[in-house]
Structure formats: structure tokens, C-alpha cells
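Okay, model-v1.tsv now, which holds TSV, C-alpha atoms:
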chain	number	residue	atom	x	y	z
X	1	MET	CA	16.91	-5.49	35.44
X	2	ALA	CA	13.25	-6.32	36.00
X	3	ASN	CA	12.06	-3.45	33.80
X	4	GLU	CA	14.54	-3.97	30.97
X	5	VAL	CA	12.80	-3.81	27.62
X	6	GLY	CA	13.17	-7.06	25.72
X	7	SER	CA	13.56	-9.25	28.79
X	8	ASN	CA	9.87	-10.14	29.05
X	9	ASP	CA	8.59	-13.21	27.22
X	10	VAL	CA	5.01	-13.48	26.02
X	11	THR	CA	3.00	-16.01	28.01
X	12	THR	CA	0.76	-18.61	26.39
X	13	ASN	CA	-2.33	-16.60	27.30
X	14	ASP	CA	-0.79	-13.41	25.93
X	15	SER	CA	0.28	-15.00	22.67
X	16	ASP	CA	-3.21	-15.68	21.35
X	17	TRP	CA	-4.95	-12.71	22.95
X	18	PHE	CA	-5.46	-10.75	19.74
X	19	ASP	CA	-6.37	-13.86	17.76
X	20	ARG	CA	-9.17	-14.47	20.25
X	21	TYR	CA	-10.20	-10.83	20.04
X	22	ASN	CA	-10.22	-11.07	16.26
X	23	SER	CA	-12.73	-13.95	16.33
X	24	GLU	CA	-14.93	-12.93	19.25
X	25	GLU	CA	-16.74	-9.75	20.17
X	26	ASP	CA	-16.47	-9.97	23.96
X	27	PHE	CA	-12.75	-9.19	24.27
X	28	ASP	CA	-13.02	-5.52	25.02
X	29	MET	CA	-10.60	-2.71	25.67
X	30	ASP	CA	-10.55	-3.12	29.46
X	31	ALA	CA	-9.80	-6.82	29.10
X	32	CYS	CA	-6.87	-5.97	26.86
X	33	PHE	CA	-5.49	-3.34	29.20
X	34	ASN	CA	-5.79	-5.64	32.20
X	35	ALA	CA	-4.16	-8.52	30.34
X	36	PHE	CA	-0.98	-6.54	29.69
X	37	ASP	CA	-0.88	-4.43	32.88
X	38	LYS	CA	1.27	-7.13	34.46
X	39	ASP	CA	1.95	-5.35	37.73
X	40	GLY	CA	-1.67	-4.22	38.11
X	41	ASP	CA	-0.75	-0.59	38.78
X	42	GLY	CA	-3.27	0.83	36.28
X	43	TYR	CA	-0.63	1.82	33.73
X	44	LEU	CA	1.31	0.26	30.86
X	45	ASN	CA	5.03	0.95	31.04
X	46	LEU	CA	7.33	0.44	28.06
X	47	LYS	CA	8.10	-3.15	29.05
X	48	GLU	CA	4.41	-4.01	29.31
X	49	PHE	CA	3.71	-2.25	26.02
X	50	GLU	CA	6.45	-4.32	24.41
X	51	THR	CA	4.74	-7.48	25.67
X	52	LEU	CA	1.51	-6.24	24.09
X	53	CYS	CA	3.32	-5.63	20.80
X	54	ARG	CA	4.89	-9.09	20.85
X	55	ALA	CA	1.40	-10.55	21.14
X	56	LEU	CA	-0.01	-8.15	18.56
X	57	PHE	CA	2.61	-8.49	15.82
X	58	ARG	CA	2.75	-12.14	14.79
X	59	ASN	CA	1.66	-14.31	11.91
X	60	ASP	CA	-1.03	-16.96	11.74
X	61	ARG	CA	1.48	-19.68	12.69
X	62	GLY	CA	2.50	-17.94	15.90
X	63	LYS	CA	5.79	-16.44	14.69
X	64	ILE	CA	6.50	-13.21	16.56
X	65	TYR	CA	7.55	-10.19	14.50
X	66	THR	CA	9.88	-8.09	16.61
X	67	MET	CA	9.88	-4.31	16.49
X	68	GLU	CA	13.26	-2.64	16.95
X	69	LEU	CA	13.62	-0.71	20.20
X	70	LYS	CA	13.75	2.75	18.64
X	71	LYS	CA	10.53	2.17	16.73
X	72	LEU	CA	8.89	0.62	19.80
X	73	GLN	CA	9.77	3.78	21.73
X	74	ASP	CA	8.44	5.95	18.91
X	75	VAL	CA	5.11	4.12	18.95
X	76	PHE	CA	4.89	4.18	22.75
X	77	SER	CA	5.42	7.95	22.75
X	78	VAL	CA	2.45	8.44	20.41
X	79	PHE	CA	0.12	7.02	23.04
X	80	ASP	CA	1.96	8.39	26.07
X	81	ARG	CA	0.31	11.73	25.43
X	82	ASP	CA	1.28	13.38	28.72
X	83	LYS	CA	4.90	12.16	28.37
X	84	ASP	CA	5.13	10.59	31.83
X	85	ASP	CA	6.59	7.33	30.43
X	86	LEU	CA	3.33	5.51	31.15
X	87	ILE	CA	0.14	4.82	29.21
X	88	ASP	CA	-2.86	5.26	31.50
X	89	ARG	CA	-6.36	3.96	30.81
X	90	GLU	CA	-7.52	7.19	29.19
X	91	GLU	CA	-4.52	7.20	26.86
X	92	PHE	CA	-5.16	3.54	26.11
X	93	VAL	CA	-8.66	4.38	24.86
X	94	PHE	CA	-7.03	6.32	22.03
X	95	CYS	CA	-4.53	3.51	21.41
X	96	TRP	CA	-7.29	0.91	21.32
X	97	ASN	CA	-9.69	2.74	19.02
X	98	ASN	CA	-7.19	4.24	16.60
X	99	TRP	CA	-4.38	1.70	16.52
X	100	ILE	CA	-5.08	-1.77	17.90
X	101	LYS	CA	-8.56	-2.19	16.40
X	102	LYS	CA	-7.33	-1.11	12.95
X	103	ILE	CA	-4.42	-3.52	13.11
X	104	VAL	CA	-6.52	-6.50	14.18
X	105	ARG	CA	-9.55	-5.67	12.02
X	106	PRO	CA	-8.29	-3.72	9.01
X	107	VAL	CA	-10.45	-2.37	6.19
X	108	SER	CA	-8.65	-3.88	3.21
X	109	VAL	CA	-8.73	-2.68	-0.38
X	110	PHE	CA	-7.40	-4.66	-3.34
X	111	LEU	CA	-6.12	-2.40	-6.13
X	112	VAL	CA	-5.35	-4.13	-9.43
X	113	VAL	CA	-3.31	-1.75	-11.57
X	114	ASP	CA	-3.50	-1.62	-15.38
X	115	VAL	CA	-3.76	-5.32	-16.30
X	116	GLN	CA	-4.59	-4.25	-19.86
X	117	ASN	CA	-4.03	-5.82	-23.24
X	118	ASP	CA	-1.46	-3.33	-24.52
X	119	PHE	CA	0.88	-4.06	-21.59
X	120	ILE	CA	0.57	-7.83	-22.07
X	121	SER	CA	0.45	-8.50	-25.79
X	122	GLY	CA	-0.16	-5.13	-27.45
X	123	THR	CA	1.79	-2.04	-28.37
X	124	LEU	CA	3.55	-1.71	-25.01
X	125	ASN	CA	4.09	-5.39	-24.31
X	126	ILE	CA	6.40	-5.28	-21.30
X	127	SER	CA	8.03	-8.58	-22.27
X	128	HIS	CA	9.87	-6.55	-24.94
X	129	CYS	CA	11.33	-4.22	-22.28
X	130	SER	CA	14.70	-4.78	-20.60
X	131	ALA	CA	13.39	-6.90	-17.70
X	132	ARG	CA	11.78	-9.35	-20.17
X	133	GLN	CA	8.90	-10.07	-17.82
X	134	ASN	CA	5.62	-11.55	-19.05
X	135	GLY	CA	2.67	-9.42	-17.97
X	136	ALA	CA	0.23	-12.29	-18.48
X	137	GLU	CA	1.78	-14.07	-15.51
X	138	VAL	CA	-0.03	-11.77	-13.06
X	139	VAL	CA	-3.50	-12.87	-14.13
X	140	ASP	CA	-3.68	-16.27	-12.41
X	141	PRO	CA	-2.36	-15.19	-8.97
X	142	ILE	CA	-4.59	-12.11	-9.03
X	143	ASN	CA	-7.60	-14.24	-9.90
X	144	ASN	CA	-6.72	-16.65	-7.09
X	145	LEU	CA	-6.73	-13.78	-4.60
X	146	LEU	CA	-10.05	-12.51	-5.91
X	147	GLU	CA	-11.54	-15.98	-5.50
X	148	THR	CA	-10.13	-16.80	-2.06
X	149	VAL	CA	-9.73	-13.53	-0.12
X	150	GLN	CA	-12.60	-11.44	1.19
X	151	PHE	CA	-11.38	-7.91	0.50
X	152	ASP	CA	-13.65	-5.11	1.65
X	153	THR	CA	-13.42	-3.42	-1.76
X	154	VAL	CA	-11.81	-4.19	-5.12
X	155	PHE	CA	-10.62	-1.53	-7.56
X	156	TYR	CA	-9.29	-1.93	-11.09
X	157	SER	CA	-7.33	0.93	-12.65
X	158	LEU	CA	-7.02	1.53	-16.37
X	159	ASP	CA	-4.69	3.73	-18.37
X	160	TRP	CA	-7.21	5.62	-20.49
X	161	HIS	CA	-5.40	7.93	-22.86
X	162	PRO	CA	-6.79	10.27	-25.52
X	163	SER	CA	-5.16	9.80	-28.94
X	164	ASP	CA	-3.15	13.04	-28.63
X	165	HIS	CA	-1.59	12.10	-25.29
X	166	VAL	CA	1.72	13.70	-24.36
X	167	SER	CA	3.40	10.37	-23.55
X	168	PHE	CA	3.11	8.91	-27.06
X	169	ILE	CA	6.34	9.20	-29.01
X	170	ASP	CA	4.45	9.62	-32.26
X	171	ASN	CA	2.90	12.80	-30.80
X	172	LEU	CA	6.30	14.35	-30.05
X	173	SER	CA	6.07	16.87	-32.87
X	174	GLN	CA	2.83	18.31	-31.45
X	175	ARG	CA	4.62	20.03	-28.53
X	176	LYS	CA	7.82	22.08	-28.18
X	177	LEU	CA	10.76	20.73	-26.24
X	178	ASP	CA	12.44	22.91	-23.63
X	179	ALA	CA	16.02	24.01	-24.28
X	180	SER	CA	17.06	21.93	-21.26
X	181	SER	CA	15.82	18.68	-22.80
X	182	PRO	CA	18.64	16.10	-22.81
X	183	VAL	CA	17.37	14.67	-26.11
X	184	SER	CA	16.23	16.58	-29.18
X	185	ALA	CA	13.01	15.79	-31.00
X	186	ALA	CA	15.02	14.52	-33.97
X	187	ASP	CA	17.05	12.11	-31.84
X	188	ALA	CA	14.38	10.97	-29.37
X	189	LYS	CA	13.63	7.26	-29.22
X	190	THR	CA	11.02	5.20	-27.42
X	191	TYR	CA	11.64	5.10	-23.64
X	192	ASP	CA	13.84	8.23	-23.73
X	193	THR	CA	13.01	11.08	-21.37
X	194	VAL	CA	12.55	14.55	-22.83
X	195	ILE	CA	11.62	17.90	-21.31
X	196	PHE	CA	8.70	19.84	-22.76
X	197	GLU	CA	8.37	23.60	-22.53
X	198	GLY	CA	6.43	24.93	-19.55
X	199	PRO	CA	5.60	26.74	-17.55
X	200	PRO	CA	7.02	24.93	-15.78
X	201	PRO	CA	9.15	22.63	-17.98
X	202	MET	CA	7.92	19.04	-17.74
X	203	LYS	CA	9.92	15.81	-17.88
X	204	GLN	CA	8.25	13.09	-19.90
X	205	ARG	CA	9.23	9.53	-20.69
X	206	LEU	CA	8.23	8.61	-24.22
X	207	TRP	CA	6.18	5.46	-24.72
X	208	PRO	CA	4.65	3.72	-27.71
X	209	ARG	CA	1.02	4.62	-28.34
X	210	HIS	CA	-0.92	2.53	-25.83
X	211	CYS	CA	-4.23	2.17	-24.00
X	212	VAL	CA	-6.10	4.61	-26.22
X	213	GLN	CA	-9.61	5.15	-24.91
X	214	ASP	CA	-12.17	2.54	-26.07
X	215	SER	CA	-9.53	0.54	-27.98
X	216	TRP	CA	-8.83	-3.19	-27.62
X	217	GLY	CA	-5.45	-2.32	-26.11
X	218	ALA	CA	-7.10	-0.39	-23.28
X	219	GLU	CA	-9.35	-3.27	-22.28
X	220	LEU	CA	-8.58	-5.38	-19.23
X	221	HIS	CA	-7.17	-8.79	-20.12
X	222	LYS	CA	-9.96	-11.19	-21.05
X	223	ASP	CA	-8.92	-13.76	-18.43
X	224	LEU	CA	-8.81	-11.31	-15.54
X	225	LYS	CA	-11.65	-11.93	-13.11
X	226	ILE	CA	-13.87	-8.87	-12.62
X	227	MET	CA	-15.63	-8.87	-9.27
X	228	GLU	CA	-19.21	-7.77	-8.80
X	229	ASN	CA	-19.51	-4.41	-7.04
X	230	SER	CA	-15.91	-3.55	-7.94
X	231	THR	CA	-14.96	-0.07	-9.14
X	232	MET	CA	-13.06	1.01	-12.25
X	233	VAL	CA	-10.69	3.96	-11.95
X	234	TYR	CA	-9.57	5.70	-15.16
X	235	LYS	CA	-6.32	7.66	-15.30
X	236	GLY	CA	-4.19	9.44	-17.87
X	237	THR	CA	-7.23	11.09	-19.45
X	238	ASN	CA	-5.67	14.56	-19.66
X	239	PRO	CA	-3.74	14.81	-22.96
X	240	GLU	CA	-1.19	17.22	-21.47
X	241	VAL	CA	0.00	15.25	-18.45
X	242	ASP	CA	0.87	11.61	-17.84
X	243	SER	CA	-0.58	9.70	-14.92
X	244	TYR	CA	1.28	6.71	-13.53
X	245	SER	CA	-0.28	6.67	-10.08
X	246	VAL	CA	-3.89	5.65	-9.57
X	247	PHE	CA	-4.13	8.49	-7.03
X	248	TRP	CA	-2.88	11.51	-8.96
X	249	ASP	CA	-1.55	12.65	-12.31
X	250	ASN	CA	2.22	13.06	-12.47
X	251	LYS	CA	2.02	16.80	-11.78
X	252	LYS	CA	-0.26	16.27	-8.76
X	253	LEU	CA	-2.81	18.61	-10.37
X	254	THR	CA	-5.84	16.33	-10.39
X	255	GLU	CA	-6.82	13.40	-8.21
X	256	THR	CA	-8.70	10.38	-9.52
X	257	THR	CA	-11.94	9.04	-8.12
X	258	LEU	CA	-9.90	6.57	-6.04
X	259	VAL	CA	-9.07	9.22	-3.43
X	260	SER	CA	-12.66	9.94	-2.42
X	261	GLN	CA	-13.67	6.28	-2.72
X	262	LEU	CA	-11.02	5.22	-0.21
X	263	GLN	CA	-12.06	7.94	2.21
X	264	LYS	CA	-15.71	6.98	1.85
X	265	ARG	CA	-14.91	3.38	2.76
X	266	ASN	CA	-12.61	4.26	5.68
X	267	ALA	CA	-9.90	2.12	4.12
X	268	THR	CA	-6.87	1.32	6.28
X	269	ASP	CA	-4.88	-1.15	4.15
X	270	ILE	CA	-4.23	-1.11	0.39
X	271	TYR	CA	-2.95	-4.20	-1.42
X	272	ILE	CA	-1.42	-3.14	-4.73
X	273	CYS	CA	-0.30	-5.18	-7.74
X	274	GLY	CA	-0.40	-5.30	-11.52
X	275	LEU	CA	1.49	-3.63	-14.38
X	276	ALA	CA	4.03	-2.25	-14.57
X	277	TYR	CA	5.82	-2.94	-11.28
X	278	ASP	CA	8.30	-0.08	-11.57
X	279	VAL	CA	6.00	2.44	-13.26
X	280	CYS	CA	2.29	2.61	-12.42
X	281	VAL	CA	2.33	0.05	-9.60
X	282	GLY	CA	5.34	1.72	-7.98
X	283	ALA	CA	3.94	5.24	-8.33
X	284	THR	CA	0.63	4.10	-6.86
X	285	ALA	CA	2.33	2.44	-3.89
X	286	ALA	CA	4.39	5.59	-3.24
X	287	ASP	CA	1.25	7.74	-3.29
X	288	ALA	CA	-0.62	5.31	-1.06
X	289	LEU	CA	2.14	5.59	1.52
X	290	ALA	CA	2.32	9.38	1.16
X	291	SER	CA	-1.45	9.52	1.67
X	292	GLY	CA	-1.14	7.69	4.97
X	293	TYR	CA	-2.35	4.21	4.03
X	294	ARG	CA	-0.86	0.97	5.27
X	295	THR	CA	0.52	-0.27	1.97
X	296	ILE	CA	1.20	-3.84	0.86
X	297	LEU	CA	2.79	-4.54	-2.53
X	298	ILE	CA	2.14	-8.06	-3.84
X	299	ASP	CA	5.33	-9.24	-5.53
X	300	ASP	CA	4.21	-12.28	-7.51
X	301	CYS	CA	1.15	-10.41	-8.83
X	302	SER	CA	3.29	-7.70	-10.43
X	303	ARG	CA	5.60	-7.54	-13.45
X	304	GLY	CA	7.77	-4.67	-14.61
X	305	VAL	CA	9.91	-2.94	-17.20
X	306	ASP	CA	13.41	-2.63	-15.74
X	307	LEU	CA	15.00	-4.78	-13.04
X	308	LYS	CA	16.92	-1.92	-11.41
X	309	ASP	CA	13.78	0.21	-11.30
X	310	ILE	CA	11.83	-2.69	-9.80
X	311	GLU	CA	14.40	-2.85	-6.98
X	312	LYS	CA	14.08	0.92	-6.50
X	313	THR	CA	10.32	0.49	-6.20
X	314	LYS	CA	10.78	-2.19	-3.54
X	315	ASN	CA	13.20	0.01	-1.62
X	316	THR	CA	10.76	2.93	-1.74
X	317	VAL	CA	8.00	0.78	-0.26
X	318	THR	CA	10.04	-0.84	2.50
X	319	SER	CA	11.86	2.36	3.50
X	320	ASN	CA	8.50	4.06	4.05
X	321	SER	CA	7.02	1.36	6.33
X	322	GLY	CA	5.24	-0.54	3.60
X	323	VAL	CA	5.64	-4.28	3.10
X	324	ILE	CA	6.19	-6.56	0.12
X	325	VAL	CA	4.58	-9.98	0.29
X	326	ASP	CA	3.77	-13.03	-1.78
X	327	SER	CA	0.13	-13.61	-2.63
X	328	SER	CA	0.09	-16.70	-0.41
X	329	GLN	CA	0.46	-14.41	2.62
X	330	VAL	CA	-2.39	-12.04	1.78
X	331	LYS	CA	-5.38	-13.96	3.11
X	332	ALA	CA	-4.09	-14.15	6.68
X	333	MET	CA	-3.17	-10.45	6.59
X	334	VAL	CA	-6.60	-9.37	5.33
X	335	GLU	CA	-8.25	-11.50	8.01
X	336	GLY	CA	-6.12	-9.87	10.72
X	337	ARG	CA	-4.28	-13.08	11.59
X	338	ASP	CA	-0.91	-11.97	10.20
X	339	ARG	CA	-0.08	-8.54	11.63
X	340	ARG	CA	3.09	-6.77	10.52
X	341	PRO	CA	5.01	-4.34	12.76
X	342	GLU	CA	5.99	-2.18	9.78
X	343	LEU	CA	2.32	-1.47	9.14
X	344	GLY	CA	1.70	-0.87	12.84
X	345	TYR	CA	4.54	1.62	12.91
X	346	LYS	CA	3.19	3.34	9.80
X	347	LEU	CA	-0.23	3.74	11.41
X	348	ALA	CA	1.24	5.09	14.63
X	349	MET	CA	3.32	7.69	12.77
X	350	GLU	CA	0.25	8.80	10.83
X	351	LEU	CA	-1.59	9.27	14.13
X	352	LYS	CA	1.34	11.31	15.42
X	353	ASN	CA	1.30	13.50	12.32
X	354	ALA	CA	-2.45	14.03	12.64
X	355	MET	CA	-2.09	15.12	16.26
X	356	CYS	CA	0.57	17.66	15.28
X	357	GLU	CA	-1.59	19.32	12.62

Take the structure I supplied and represent it as C-alpha cells, if you would.
Amino acid sequence: MANEVGSNDVTTNDSDWFDRYNSEEDFDMDACFNAFDKDGDGYLNLKEFETLCRALFRNDRGKIYTMELKKLQDVFSVFDRDKDDLIDREEFVFCWNNWIKKIVRPVSVFLVVDVQNDFISGTLNISHCSARQNGAEVVDPINNLLETVQFDTVFYSLDWHPSDHVSFIDNLSQRKLDASSPVSAADAKTYDTVIFEGPPPMKQRLWPRHCVQDSWGAELHKDLKIMENSTMVYKGTNPEVDSYSVFWDNKKLTETTLVSQLQKRNATDIYICGLAYDVCVGATAADALASGYRTILIDDCSRGVDLKDIEKTKNTVTSNSGVIVDSSQVKAMVEGRDRRPELGYKLAMELKNAMCE
């Protein structure tokens, strides 16, 4: 039973190994390998790798986050490149540079989504939607994060629609509906979904006129803190296609400037919040995950339209190895002192996918 996975407890020296590495430069790769090569045979077996993970995945108060066995095995197999059930020193070089270092010292982006007047007190005030949530409530916790957490980069997104935008219900008569549309133009109401003629036919939820370019409604809320050297990302500028995600329009035809900016900065982690939780925030989080980023959705910094759709958004994030946190947990995560196994698993699977391409 000596090699049974899960039977090995983390020692006191092991438990703070990565915290010490996070604060000092002289804890190098060889020191890490030697620390967890318990039998000194020059390899890490699955049990020893589990001990490493128990030291790696913990919060700033010392709580260990466990990784289920199947996922632990999945991660181990990514770095066991010759499939001999051992990670040798050469294989550990890849693990260290591409996995451990990014987990302990992430490059963190804060993405504030659409905290604009129209969604808070204007034409698409979300407090009038079924969830009855007040969009203004996100401003203070977002500002607190901006003032207390040292993100590597801050982005603000803005819905930025031309006046003839396809999503506006008062523009419905400007385009023909497809025969398959579940609602006719005569019967359509705000928040209904119609289908416009193609090619191909396009589903579209109908919204009140909102966030028209250069209008008061499109401005960021006056109390929202705007950081120096931050970047504005404008979306929804094509009149013929809506754009919920800050990455892409809804048809995935055109990417925003965010995509290249993230690549330029070598971003690893994206913290996402804002308005509306179940629409633009949710679509952005889904695209961040699909694009390979470690994705963190900040619950108390987001408000939404429909409670059921908010729960669907949460399920999408967590089922794809993203995490949902309260803003009080963000600082320790950005500083690499609170390290989540879900995000470690996500990174490992992205490395696996890259190796298979």
C-alpha cells in the first residue's frame, strides 16, 4: 500500500514550498523536483506528483484543494510524455515552465463588461427584467478590486451600437423575418427571439434601443473607476450582427481587439464581471474558456437579466474548468497565493490539446 495514491500527507516543508517560491527567486526547478522526489530515484511517480499537487493547490490560509483521482491522472499523463508512468527530469522541465510557473505566477487580466448607463438606469435598465437585479450594485465592488488588486492589465468593454442595429426592436421592420421565425413581426415584443432571413437564417433576441454610439446611454457609469493605461474594447459595431461576447460577434465572423491584446500580453488568467451576468458576461466567459484561458467569473461584481439563465451561465463556467468566486477572494488568486485545481486542470488540458495539434 506504500504507493497508493491519496495515502501520502503533505509535510510542513512541502506545504509552503510554492508560497516560498512565489515570494523568492532562488527556488528553482531542480529544487522543486528534488523536494517532491521523495524516494530520490530521479523520477516523480503518481503518488509523488499528487503530493506536489496537494502543496500546489491551496489557498492563502493553508486549506488544501483536492483534485479528484481521474483528473489527477489526466494531468499526470500530460507530463508523462513517454507514458512510462513516471515523470523524469526532462519531462519535468516542460511541467515547470508551462504549468507550475503559470499557476504560481499568473498573468492576470481584469475584464469589466458593459457597466454602461443604459444597463443601469437607461433604456435597458436590467432592474426592470425578470431577475430584478440592480446593475449599479456592481460599481463599488469593481472599484474596490481596481483599488486593491494589482492586475497585469485592465480592460473595459462597451456595447457600441449603430442606430440601425439588428437587435433593436424598433428596427424590426428594416429586415425580413425567416419563415421559421417562431414570432411574426406583428406579434414580436421586447425580449422575444425572432429569426431573420439568411443566408443563413439568424436567431436574434430583441432588445430596447440601447448603447447607441456616442450617446449618454453608451457611456460607462460615472462612478466606475477608470484605470490609467487600461484599454477600451468596443463591440456590437456591425449593424447586421449582435455581439454579446467581448471576444467575438455572435456569428463568430469578426474578433474584437481583445483577442490580439491578450495574446500580446501573454495573459493566462481572465477575471470577468459586469453586465449582464447571463448575456454579455456569460458569453464572454464561455469564449474565454473556449479560447484556452483560465477563467474566473466574479459573482458579486455581476448582475443579470434572468435567474435561470444566470444559473446556466454558472454551470457553463464550472463545467468547463472555470471558477466562480467572490471579489474578496480575487487578490490572493492574482498574487498566486490561492491556487485552484480547476484552473490547473484547465491549463493542463490546453497543453495536451496543443501537443496534439

Spatial neighbours of Asp159 in chain X, 7 Å, all atoms listed in the file, chain gap at least 3 places, as a list in words: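 In the requested form, the answer reads Asp114, Cys211, Ala218, Tyr234, Lys235 and Gly236 of chain X.
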
Please determine, counting all atoms listed in the file, which residue among X:Leu46, X:Arg89, X:Arg132, X:Leu220 has the shortest atom-to-atom distance to Met232 in chain X.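 Checking each candidate against Met232 in chain X, we get X:Leu220 as the closest.
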
Near Lys314 in chain X, within 9 Å and counting all atoms listed in the file, which residues show up once chain neighbours fewer than 6 positions away are dropped, as a list in words? Asp278, Gly282, Leu297, Val323 and Ile324 of chain X

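Taking CA of Arg265 in chain X and CA of Thr295 in chain X as the two end points, the separation is 15.9 Å.
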
Closest of X:Ala288, X:Ile120, X:Ala283, X:Leu224 to Leu146 in chain X, counting all atoms listed in the file, is X:Leu224

Excluding Asn238 in chain X and its own-chain neighbours fewer than 2 positions away, which residues fall within 10 Å of it when counting all atoms listed in the file? Please give them as a list of chain:residue names.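 Contacts, with the query itself left out: X:Trp160, X:His161, X:Pro162, X:Asp164, X:His165, X:Val166, X:Lys235, X:Gly236, X:Glu240, X:Val241, X:Asp242, X:Ser243, X:Asp249, X:Thr254.
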
Nearest to Thr123 in chain X: which of X:Thr51, X:Asn98, X:Ser215, X:Thr148 is it, counting all atoms listed in the file? X:Ser215

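Note that CA of Asp300 in chain X and CA of Asp118 in chain X are 20.0 Å apart.
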
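Each of X:Arg61, X:Lys38, X:Arg175, X:Lys225 was compared to Met202 in chain X using all atoms listed in the file, and X:Arg175 turns out to be the nearest.
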
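Closest approach to Val75 in chain X among X:Lys101, X:Lys346, X:Lys203, X:Arg337: X:Lys346, based on only C-alpha atoms.
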
Just checking: using all atoms listed in the file, which residue out of X:Glu219, X:Glu137, X:Asp170, X:Asp82 ends up closest to Asp299 in chain X?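 Once distances to Asp299 in chain X are computed over all atoms listed in the file, the minimum belongs to X:Glu137.
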